[in-house]
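Here the structure comes first, spelled out in structure tokens, and everything after it is commentary.
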Amino acid sequence: TEHVNTEPSAEKIVECSLEIPEITTNLLNDDYIRISFTIQTDSKEAKEELEKRQFQVENVIIKTLSNLEAKDLEGTEGKDKLEDTLKKSIDDYLTKGEVVQVYITSAIIQ
């Protein structure tokens with residue numbers, strides 16, 4: 001039996017992903033965070049729509065972060081939770097396709 005790989009190729013993932021450049025914003029306490037993301041969608045159309053809605057995406061990221069404290073983002077669990085929350089929030093804006101995954105590509109809390 002031949003194994004059929006249903007995972008998208010790296011090229012396909014890049015083609016369907018939008019990079020969100022570094023955002024610097026305050027957290028709930030006096031700390032602030034510098035953070036960037038890559039948002040993977042399921043289609044080129046979804047990525048293009050996200051590009052047009054980038055200001056909304058950045059807005060939802062800033063609002064979400066403003067409700068968190070540095071301790072909420074500690075460790076893998078906190079980051080996974082943030083990625084999951086943002087995935088759901090950003091997905092709500094899409095009319096074509098969906099968000100597959102949100103990846104934190106860099107994060108510095110100061």
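Ordering of the structure tokens sets the chain letters (A, B, ...); residue numbers start at 1 within each chain; ligands are numbered from 1 in the order shown.
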
**Request:** Going by DSSP on the backbone, which bits of chain A are strand (DSSP E)? Write them as a ChimeraX atom specification, please.
**Result:** /A:17-26,32-41,99-109

**Item:** Shell of 7 Å around range 53-64 of chain A, only C-alpha atoms, local chain residues under 2 positions omitted, as a PyMOL selection string
**Value:** chain A and resi 25+49-51+66-67+86+90

**Message:** Which residues are near range 94-105 of chain A? Cut-off 6 Å, only C-alpha atoms, ignore same chain within fewer than 3 positions. Put them as a PyMOL selection string.
**Reply:** chain A and resi 36-42+46+83+87+91

**Asked** Which polymer residues have any atom within 10 Å of an atom of Lys79 in chain A, counting only C-alpha atoms, with same-chain residues fewer than 5 positions away left out, as a list of chain:residue names?
**Response**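 In the requested form, the answer reads A:Asp72, A:Leu73, A:Glu74, A:Asp84, A:Thr85, A:Tyr103, A:Ile104, A:Ala107.
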
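CA of Ile35 in chain A sits 5.3 Å away from CA of Ile23 in chain A.
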
**Message:** Write out as an NGL selection string the set of residues from range 48-108 of chain A that DSSP, computed on the backbone, places in helix (DSSP H, G or I).
**Reply:** :A and (48-52 or 54-66 or 70-73 or 75-91)

**Message:** Can you measure CA of Ser43 in chain A to CA of Leu65 in chain A for me? One decimal in Å is fine.
**Reply:** 26.9 Å

**Prompt:** So which one's closest to Ile108 in chain A, A:Pro8, A:Thr24, A:Leu68, A:Val14? Using only C-alpha atoms, please.
**Reply:** A:Thr24

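Among the candidate residues A:Lys47, A:Lys52, A:Lys12, A:Lys71, the one lying nearest to Gln110 in chain A is A:Lys71, with distances computed using only C-alpha atoms.
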
**Message:** Ranking A:Glu45, A:Tyr32, A:Ala70, A:Pro21 by minimum distance to Leu82 in chain A and counting only C-alpha atoms, which one comes first?
**Reply:**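 When distances to Leu82 in chain A are compared using only C-alpha atoms, the smallest one comes from A:Ala70.
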
**Request:** Kindly indicate which residue among A:Thr6, A:Glu48, A:Tyr93, A:Ile33 lies nearest to Leu18 in chain A, using only C-alpha atoms for the distances.
**Result:** A:Glu48
